[in-house]
$ cat target29.json   # JSON, C-alpha atoms and all ligand atoms
[["chain", "number", "residue", "atom", "x", "y", "z"],
["A", 1, "MET", "CA", 30.56, 31.12, 23.02],
["A", 2, "ARG", "CA", 29.90, 28.74, 25.84],
["A", 3, "PRO", "CA", 26.54, 30.15, 27.08],
["A", 4, "HIS", "CA", 25.28, 30.21, 23.51],
["A", 5, "ARG", "CA", 26.32, 26.65, 23.01],
["A", 6, "ARG", "CA", 24.70, 25.67, 26.30],
["A", 7, "ALA", "CA", 21.51, 27.45, 25.32],
["A", 8, "TRP", "CA", 21.53, 25.80, 21.93],
["A", 9, "LEU", "CA", 22.09, 22.39, 23.46],
["A", 10, "LYS", "CA", 19.28, 22.99, 25.93],
["A", 11, "GLY", "CA", 17.00, 24.00, 23.08],
["A", 12, "ALA", "CA", 18.03, 21.02, 21.02],
["A", 13, "GLY", "CA", 17.49, 18.75, 24.01],
["A", 14, "ALA", "CA", 14.05, 20.15, 24.60],
["A", 15, "SER", "CA", 12.94, 19.75, 21.00],
["A", 16, "LEU", "CA", 14.38, 16.25, 20.89],
["A", 17, "ALA", "CA", 12.44, 15.36, 24.02],
["A", 18, "GLY", "CA", 9.37, 16.85, 22.37],
["A", 19, "LEU", "CA", 9.96, 14.71, 19.32],
["A", 20, "TRP", "CA", 10.18, 11.58, 21.41],
["A", 21, "LEU", "CA", 7.05, 12.52, 23.31],
["A", 22, "ALA", "CA", 5.24, 13.06, 20.02],
["A", 23, "ALA", "CA", 6.53, 9.74, 18.75],
["A", 24, "CYS", "CA", 5.39, 7.95, 21.91],
["A", 25, "ASP", "CA", 2.00, 9.57, 21.65],
["A", 26, "GLN", "CA", 1.81, 8.43, 18.04],
["A", 27, "LEU", "CA", 2.76, 4.94, 19.13],
["A", 28, "THR", "CA", 0.06, 4.80, 21.78],
["A", 29, "ARG", "CA", -2.57, 6.04, 19.39],
["A", 30, "ASN", "CA", -1.58, 3.35, 16.92],
["A", 31, "ALA", "CA", -1.46, 0.70, 19.66],
["A", 32, "GLN", "CA", -4.55, -1.10, 18.38],
["A", 33, "PHE", "CA", -2.79, -1.71, 15.04],
["A", 34, "MET", "CA", 0.34, -3.13, 16.55],
["A", 35, "GLY", "CA", -0.19, -6.06, 18.83],
["A", 36, "PHE", "CA", 2.57, -7.97, 20.49],
["A", 37, "ILE", "CA", 6.24, -7.49, 19.63],
["A", 38, "GLY", "CA", 6.93, -11.10, 18.78],
["A", 39, "SER", "CA", 9.77, -11.01, 16.26],
["A", 40, "ALA", "CA", 12.76, -9.03, 15.13],
["A", 41, "GLU", "CA", 10.79, -7.77, 12.15],
["A", 42, "ASN", "CA", 8.01, -6.52, 14.40],
["A", 43, "LEU", "CA", 10.58, -4.81, 16.58],
["A", 44, "ASN", "CA", 12.08, -3.23, 13.50],
["A", 45, "ARG", "CA", 8.69, -1.94, 12.47],
["A", 46, "GLN", "CA", 8.15, -0.43, 15.90],
["A", 47, "VAL", "CA", 11.53, 1.32, 15.78],
["A", 48, "GLN", "CA", 10.73, 2.56, 12.29],
["A", 49, "ARG", "CA", 7.46, 3.97, 13.58],
["A", 50, "LEU", "CA", 9.24, 5.70, 16.46],
["A", 51, "VAL", "CA", 11.84, 7.45, 14.37],
["A", 52, "THR", "CA", 9.82, 8.35, 11.30],
["A", 53, "ASP", "CA", 6.28, 9.54, 10.93],
["A", 54, "ARG", "CA", 4.50, 6.94, 8.89],
["A", 55, "THR", "CA", 1.69, 9.33, 8.07],
["A", 56, "ALA", "CA", 4.10, 11.74, 6.33],
["A", 57, "LEU", "CA", 3.32, 12.20, 2.65],
["A", 58, "ALA", "CA", 5.48, 10.73, -0.08],
["A", 59, "ARG", "CA", 7.01, 13.36, -2.33],
["A", 60, "GLU", "CA", 4.79, 14.55, -5.16],
["A", 61, "PHE", "CA", 6.07, 15.75, -8.53],
["A", 62, "SER", "CA", 5.03, 18.20, -11.24],
["A", 63, "PRO", "CA", 3.29, 17.16, -14.48],
["A", 64, "ALA", "CA", 6.53, 17.93, -16.37],
["A", 65, "GLU", "CA", 8.30, 15.22, -14.37],
["A", 66, "ILE", "CA", 5.95, 12.38, -15.40],
["A", 67, "SER", "CA", 7.95, 9.57, -17.05],
["A", 68, "PRO", "CA", 7.08, 9.26, -20.74],
["A", 69, "ASP", "CA", 7.88, 5.53, -20.53],
["A", 70, "PHE", "CA", 6.64, 4.23, -17.14],
["A", 71, "ARG", "CA", 7.78, 0.66, -17.10],
["A", 72, "PRO", "CA", 5.33, -2.20, -16.54],
["A", 73, "ASN", "CA", 6.76, -4.99, -14.39],
["A", 74, "GLY", "CA", 5.77, -8.50, -13.31],
["A", 75, "THR", "CA", 2.49, -9.51, -14.91],
["A", 76, "ARG", "CA", 1.71, -7.35, -17.96],
["A", 77, "SER", "CA", -1.33, -9.20, -19.26],
["A", 78, "PRO", "CA", -2.96, -11.81, -17.01],
["A", 79, "ALA", "CA", -3.82, -15.03, -18.86],
["A", 80, "ASP", "CA", -6.16, -16.25, -16.11],
["A", 81, "PRO", "CA", -9.51, -17.07, -17.80],
["A", 82, "GLU", "CA", -11.60, -15.20, -15.22],
["A", 83, "TYR", "CA", -9.57, -12.04, -15.86],
["A", 84, "VAL", "CA", -9.58, -12.45, -19.65],
["A", 85, "ALA", "CA", -13.39, -12.70, -19.60],
["A", 86, "LEU", "CA", -13.72, -9.55, -17.48],
["A", 87, "ARG", "CA", -11.27, -7.65, -19.69],
["A", 88, "ASP", "CA", -12.96, -8.73, -22.93],
["A", 89, "ALA", "CA", -16.25, -7.38, -21.58],
["A", 90, "GLY", "CA", -14.65, -4.01, -20.82],
["A", 91, "PHE", "CA", -14.73, -4.79, -17.08],
["A", 92, "ALA", "CA", -18.52, -4.28, -17.05],
["A", 93, "ASP", "CA", -18.88, -7.29, -14.72],
["A", 94, "TYR", "CA", -15.96, -6.34, -12.50],
["A", 95, "ARG", "CA", -16.74, -5.96, -8.80],
["A", 96, "LEU", "CA", -14.25, -4.80, -6.22],
["A", 97, "VAL", "CA", -15.01, -6.90, -3.17],
["A", 98, "ILE", "CA", -14.14, -5.71, 0.33],
["A", 99, "ASP", "CA", -14.86, -8.41, 2.89],
["A", 100, "GLY", "CA", -13.36, -10.46, 5.70],
["A", 101, "LEU", "CA", -13.42, -8.78, 9.13],
["A", 102, "VAL", "CA", -15.89, -6.04, 8.14],
["A", 103, "GLU", "CA", -19.42, -5.26, 9.30],
["A", 104, "ARG", "CA", -20.78, -4.53, 5.79],
["A", 105, "PRO", "CA", -19.03, -6.32, 2.89],
["A", 106, "LEU", "CA", -18.90, -4.26, -0.30],
["A", 107, "ALA", "CA", -18.97, -5.27, -3.98],
["A", 108, "LEU", "CA", -18.45, -2.13, -6.05],
["A", 109, "THR", "CA", -18.74, -1.69, -9.80],
["A", 110, "LEU", "CA", -16.14, 0.51, -11.49],
["A", 111, "ALA", "CA", -18.75, 3.26, -11.84],
["A", 112, "GLU", "CA", -19.46, 3.06, -8.12],
["A", 113, "LEU", "CA", -15.76, 3.13, -7.31],
["A", 114, "ARG", "CA", -15.38, 6.23, -9.48],
["A", 115, "GLY", "CA", -18.13, 7.87, -7.40],
["A", 116, "GLU", "CA", -16.19, 7.43, -4.15],
["A", 117, "PRO", "CA", -13.97, 10.11, -2.55],
["A", 118, "ALA", "CA", -10.90, 10.29, -4.79],
["A", 119, "ARG", "CA", -7.39, 11.66, -4.91],
["A", 120, "THR", "CA", -4.90, 12.42, -7.69],
["A", 121, "GLN", "CA", -1.15, 12.36, -7.11],
["A", 122, "ILE", "CA", 2.07, 12.37, -9.13],
["A", 123, "THR", "CA", 4.53, 10.06, -7.39],
["A", 124, "ARG", "CA", 7.67, 8.04, -8.00],
["A", 125, "HIS", "CA", 7.42, 4.27, -8.10],
["A", 126, "ASP", "CA", 10.56, 2.50, -6.84],
["A", 127, "CYS", "CA", 11.06, -1.15, -7.78],
["A", 128, "VAL", "CA", 13.56, -3.26, -5.80],
["A", 129, "GLU", "CA", 15.05, -4.29, -9.12],
["A", 130, "GLY", "CA", 16.61, -0.83, -9.22],
["A", 131, "TRP", "CA", 14.45, 1.30, -11.49],
["A", 132, "SER", "CA", 12.03, 4.14, -10.78],
["A", 133, "SER", "CA", 9.34, 5.85, -12.82],
["A", 134, "ILE", "CA", 7.08, 8.83, -12.12],
["A", 135, "GLY", "CA", 3.37, 8.56, -12.84],
["A", 136, "LYS", "CA", 0.11, 10.34, -12.19],
["A", 137, "TRP", "CA", -2.52, 8.30, -10.39],
["A", 138, "THR", "CA", -6.20, 8.89, -9.69],
["A", 139, "GLY", "CA", -8.22, 6.57, -7.52],
["A", 140, "ALA", "CA", -10.59, 6.05, -4.63],
["A", 141, "LYS", "CA", -9.10, 6.72, -1.21],
["A", 142, "LEU", "CA", -8.90, 3.43, 0.66],
["A", 143, "GLY", "CA", -9.63, 4.87, 4.15],
["A", 144, "PRO", "CA", -13.20, 6.06, 3.44],
["A", 145, "LEU", "CA", -14.00, 2.75, 1.72],
["A", 146, "LEU", "CA", -12.87, 0.86, 4.82],
["A", 147, "ASP", "CA", -15.02, 3.12, 6.98],
["A", 148, "GLN", "CA", -18.01, 2.32, 4.74],
["A", 149, "ALA", "CA", -17.36, -1.39, 5.13],
["A", 150, "GLY", "CA", -16.78, -0.95, 8.88],
["A", 151, "LEU", "CA", -13.63, -2.74, 10.02],
["A", 152, "LYS", "CA", -14.17, -5.06, 12.95],
["A", 153, "PRO", "CA", -11.87, -4.44, 15.95],
["A", 154, "GLN", "CA", -9.87, -7.63, 15.27],
["A", 155, "ALA", "CA", -8.89, -6.45, 11.77],
["A", 156, "ARG", "CA", -5.15, -5.67, 11.61],
["A", 157, "TYR", "CA", -4.17, -6.17, 7.96],
["A", 158, "LEU", "CA", -5.69, -5.91, 4.51],
["A", 159, "VAL", "CA", -4.94, -8.65, 2.01],
["A", 160, "PHE", "CA", -5.16, -7.73, -1.68],
["A", 161, "HIS", "CA", -6.15, -10.71, -3.81],
["A", 162, "CYS", "CA", -5.14, -10.20, -7.44],
["A", 163, "ALA", "CA", -6.40, -11.71, -10.69],
["A", 164, "ASP", "CA", -3.02, -12.79, -12.10],
["A", 165, "THR", "CA", -0.97, -15.94, -11.69],
["A", 166, "LEU", "CA", 2.73, -15.01, -11.75],
["A", 167, "GLY", "CA", 4.33, -18.11, -10.24],
["A", 168, "GLU", "CA", 4.23, -21.89, -10.44],
["A", 169, "GLY", "CA", 2.53, -24.17, -7.94],
["A", 170, "PRO", "CA", -0.40, -23.76, -5.57],
["A", 171, "HIS", "CA", 0.56, -20.24, -4.41],
["A", 172, "GLY", "CA", 1.23, -18.71, -7.82],
["A", 173, "ARG", "CA", -1.54, -16.12, -7.59],
["A", 174, "TYR", "CA", -0.24, -12.61, -6.85],
["A", 175, "TYR", "CA", -1.34, -11.13, -3.54],
["A", 176, "GLU", "CA", -0.11, -8.52, -1.09],
["A", 177, "SER", "CA", -0.92, -7.16, 2.36],
["A", 178, "ILE", "CA", -0.54, -3.90, 4.26],
["A", 179, "ASP", "CA", -1.27, -2.75, 7.81],
["A", 180, "LEU", "CA", -3.88, -0.21, 8.82],
["A", 181, "VAL", "CA", -1.38, 2.65, 9.11],
["A", 182, "ASP", "CA", -0.66, 2.34, 5.38],
["A", 183, "ALA", "CA", -4.32, 1.61, 4.61],
["A", 184, "TYR", "CA", -5.41, 4.94, 6.14],
["A", 185, "HIS", "CA", -2.46, 6.93, 4.77],
["A", 186, "PRO", "CA", -3.92, 9.85, 2.75],
["A", 187, "GLN", "CA", -2.04, 8.84, -0.43],
["A", 188, "THR", "CA", -3.20, 5.22, -0.34],
["A", 189, "ILE", "CA", -5.64, 4.86, -3.21],
["A", 190, "LEU", "CA", -7.23, 2.25, -5.42],
["A", 191, "ALA", "CA", -6.13, 3.72, -8.73],
["A", 192, "TYR", "CA", -8.34, 3.40, -11.81],
["A", 193, "GLU", "CA", -6.55, 6.10, -13.83],
["A", 194, "MET", "CA", -2.93, 6.53, -14.83],
["A", 195, "ASN", "CA", -1.67, 9.70, -16.51],
["A", 196, "ASP", "CA", -5.28, 10.91, -17.06],
["A", 197, "ALA", "CA", -6.40, 7.76, -18.90],
["A", 198, "PRO", "CA", -8.15, 4.60, -17.68],
["A", 199, "LEU", "CA", -5.54, 2.36, -16.02],
["A", 200, "PRO", "CA", -4.02, 0.24, -18.83],
["A", 201, "VAL", "CA", -3.85, -3.55, -18.58],
["A", 202, "PRO", "CA", -0.01, -3.71, -18.22],
["A", 203, "HIS", "CA", -0.27, -1.45, -15.15],
["A", 204, "GLY", "CA", -3.09, -3.37, -13.43],
["A", 205, "ALA", "CA", -6.47, -2.63, -15.04],
["A", 206, "PRO", "CA", -9.05, -2.04, -13.89],
["A", 207, "VAL", "CA", -7.83, -1.27, -10.34],
["A", 208, "ARG", "CA", -4.43, -1.29, -8.64],
["A", 209, "LEU", "CA", -3.21, -0.27, -5.23],
["A", 210, "ARG", "CA", -0.98, 2.80, -4.79],
["A", 211, "VAL", "CA", 0.65, 2.71, -1.36],
["A", 212, "GLU", "CA", 3.21, 5.45, -1.84],
["A", 213, "ARG", "CA", 5.36, 4.90, 1.24],
["A", 214, "GLN", "CA", 6.20, 1.35, 0.14],
["A", 215, "LEU", "CA", 8.36, -0.27, -2.54],
["A", 216, "GLY", "CA", 6.94, -1.38, -5.89],
["A", 217, "TYR", "CA", 6.00, -4.96, -5.11],
["A", 218, "LYS", "CA", 3.50, -3.82, -2.43],
["A", 219, "HIS", "CA", 1.48, -1.97, -5.13],
["A", 220, "ALA", "CA", -0.87, -4.83, -6.05],
["A", 221, "LYS", "CA", -2.20, -4.70, -9.63],
["A", 222, "TYR", "CA", -5.41, -6.39, -10.91],
["A", 223, "VAL", "CA", -7.03, -6.12, -7.45],
["A", 224, "MET", "CA", -10.17, -8.26, -7.20],
["A", 225, "ARG", "CA", -10.77, -8.53, -3.50],
["A", 226, "ILE", "CA", -9.59, -6.79, -0.34],
["A", 227, "GLU", "CA", -9.89, -9.01, 2.69],
["A", 228, "ALA", "CA", -9.58, -7.62, 6.23],
["A", 229, "VAL", "CA", -7.78, -10.14, 8.43],
["A", 230, "GLU", "CA", -6.31, -10.47, 11.90],
["A", 231, "SER", "CA", -3.34, -12.41, 10.54],
["A", 232, "PHE", "CA", -2.14, -13.48, 7.09],
["A", 233, "ALA", "CA", -0.36, -16.60, 8.37],
["A", 234, "HIS", "CA", -3.02, -18.89, 6.83],
["A", 235, "ILE", "CA", -2.91, -17.28, 3.36],
["A", 236, "ALA", "CA", -0.75, -18.84, 0.60],
["A", 237, "GLY", "CA", 2.84, -19.15, 1.90],
["A", 238, "GLY", "CA", 1.92, -17.26, 5.08],
["A", 239, "ARG", "CA", 4.34, -14.34, 4.73],
["A", 240, "GLY", "CA", 1.87, -11.73, 3.49],
["A", 241, "GLY", "CA", 2.61, -11.51, -0.23],
["A", 242, "PHE", "CA", 3.66, -13.24, -3.42],
["A", 243, "TRP", "CA", 7.22, -11.91, -3.20],
["A", 244, "GLU", "CA", 7.33, -12.14, 0.60],
["A", 245, "ASP", "CA", 6.62, -15.87, 0.25],
["A", 246, "ARG", "CA", 9.72, -15.93, -1.97],
["A", 247, "GLY", "CA", 12.00, -14.10, 0.47],
["A", 248, "TYR", "CA", 11.25, -10.36, 0.24],
["A", 249, "GLU", "CA", 10.60, -8.34, 3.41],
["A", 250, "TRP", "CA", 6.97, -7.82, 4.36],
["A", 251, "TYR", "CA", 7.71, -4.25, 5.48],
["A", 252, "ALA", "CA", 9.09, -2.40, 2.44],
["A", 253, "GLY", "CA", 8.73, 1.18, 3.70],
["A", 254, "ILE", "CA", 10.45, 4.05, 1.88],
["A", 301, "LIG", "N1", -0.91, -8.36, -9.46],
["A", 301, "LIG", "C1", 0.37, -7.97, -9.56],
["A", 301, "LIG", "N2", 0.76, -6.86, -8.90],
["A", 301, "LIG", "C2", 2.04, -6.43, -8.98],
["A", 301, "LIG", "C3", 3.02, -7.17, -9.70],
["A", 301, "LIG", "C4", 2.58, -8.34, -10.39],
["A", 301, "LIG", "O1", 3.35, -9.03, -11.08],
["A", 301, "LIG", "N3", 1.25, -8.70, -10.29],
["A", 301, "LIG", "N4", 4.33, -6.73, -9.73],
["A", 301, "LIG", "C5", 4.75, -5.81, -8.66],
["A", 301, "LIG", "C6", 6.03, -5.14, -8.89],
["A", 301, "LIG", "S1", 7.46, -5.99, -8.49],
["A", 301, "LIG", "C7", 6.12, -3.86, -9.30],
["A", 301, "LIG", "S2", 7.59, -3.03, -9.43],
["A", 301, "LIG", "C8", 4.89, -3.12, -9.71],
["A", 301, "LIG", "C9", 5.01, -2.73, -11.16],
["A", 301, "LIG", "O2", 3.96, -1.87, -11.49],
["A", 301, "LIG", "P1", 3.87, -1.42, -12.99],
["A", 301, "LIG", "O3", 3.67, -2.65, -13.82],
["A", 301, "LIG", "O4", 2.73, -0.46, -13.07],
["A", 301, "LIG", "O5", 5.19, -0.76, -13.31],
["A", 301, "LIG", "O6", 3.70, -3.86, -9.54],
["A", 301, "LIG", "C10", 3.69, -4.73, -8.45],
["A", 301, "LIG", "N5", 2.38, -5.29, -8.34],
["A", 302, "MO", "MO", 9.08, -4.42, -8.41]]

$ encode --input "target29.json" --output "structure tokens" --more "lines below"
Ligand SMILES: Nc1nc2c(c(=O)[nH]1)N[C@H]1C(S)=C(S)[C@@H](COP(=O)(O)O)O[C@H]1N2
Ligand SMILES: [Mo]
Amino acid sequence: MRPHRRAWLKGAGASLAGLWLAACDQLTRNAQFMGFIGSAENLNRQVQRLVTDRTALAREFSPAEISPDFRPNGTRSPADPEYVALRDAGFADYRLVIDGLVERPLALTLAELRGEPARTQITRHDCVEGWSSIGKWTGAKLGPLLDQAGLKPQARYLVFHCADTLGEGPHGRYYESIDLVDAYHPQTILAYEMNDAPLPVPHGAPVRLRVERQLGYKHAKYVMRIEAVESFAHIAGGRGGFWEDRGYEWYAGI
């Protein structure tokens, strides 16, 4: 048995070494997205990136598995006057703005967004509150949109500014942020359809983010503007999102 075991161990060792080499290579290629390891959370993120492949796809499901009662959560109908006016006009005046650290800022109508490279996926949404639902999403792939806008080299995060006010005080507007690894993930889309129908208001009409390797609160609904930034420290509470400003982790990878 011993030689076999030795051979197996050698093989296992070699493939493990290969894995680490691949991971290191991955890390170096992503180096421009990472910056300095300044905090425990950053370190955590680096370790996460070493041991898992962040470009791996989230599991996709069959049409039969779609939840008949996908739960809306958080804001279900924004009362903000600007949103109400857009909604009452059937979102004809809606423009998805992509600006900040980009060469060519975009302001897309819904029709234009629907003309962009798209993807459909059936995925499971996991909320930290302890429920999950499966839904079918169609939307514009975020990566090609960013390439159209032309990210400047300093851009490290995307901030999603939403239309709804969920909390009290000066930072009550919902917002979120993701890094460029998640932004360019093939399943990251700006969804305008849910279960083959236009995205309903409770789920974020007219456009919401689907970032399938992250927990529910990262999936910004009612997206009005995507701002490319070098840092989100100056935005609202400075922690990168509405719930992050209230104590949730910025990195909510699943
Ligand atoms: N603009 C906005 N986006 C949001 C929220 C919100 O309240 N406002 N809630 C978040 C949370 S906690 C979850 S679980 C999901 C809920 O998405 P759903 O309403 O489609 O189920 O949206 C996320 N995105
Ligand atoms: Mo959530």

$ residues_near_ligand --input "target29.json" --ligand "ligand MO 302 (chain A)" --cutoff "10 Å" --atoms "all atoms listed in the file" --output "PyMOL selection string"
chain A and resi 72-74+125-132+215-219+243

$ atom_distance --input "target29.json" --atom1 "CA of Ala183 in chain A" --atom2 "CA of Ser67 in chain A"
26.1 Å

$ closest_residue --input "target29.json" --among "A:Leu158, A:Leu199, A:Ile189, A:Ala228" --to "ligand LIG 301 (chain A)" --atoms "only C-alpha atoms and all ligand atoms"
A:Leu199

$ atom_distance --input "target29.json" --atom1 "CA of Leu57 in chain A" --atom2 "CA of Gln187 in chain A"
7.0 Å

$ closest_residue --input "target29.json" --among "A:Gly135, A:Pro202, A:Gly150, A:Gly238" --to "ligand LIG 301 (chain A)" --atoms "only C-alpha atoms and all ligand atoms"
A:Pro202

$ residues_around --input "target29.json" --residues "range 96-108 of chain A" --least-positions-apart "6" --cutoff "6 Å" --atoms "all atoms listed in the file" --output "PyMOL selection string"
chain A and resi 149-152+155+224-229

$ atom_distance --input "target29.json" --atom1 "CA of Pro117 in chain A" --atom2 "CA of Ile134 in chain A"
23.2 Å

$ closest_residue --input "target29.json" --among "A:Asn195, A:Ala140, A:Ala236, A:Arg210" --to "Leu113 in chain A" --atoms "all atoms listed in the file"
A:Ala140

$ residues_around --input "target29.json" --residues "His185 in chain A" --least-positions-apart "4" --cutoff "9 Å" --atoms "only C-alpha atoms" --output "count of residues only"
13
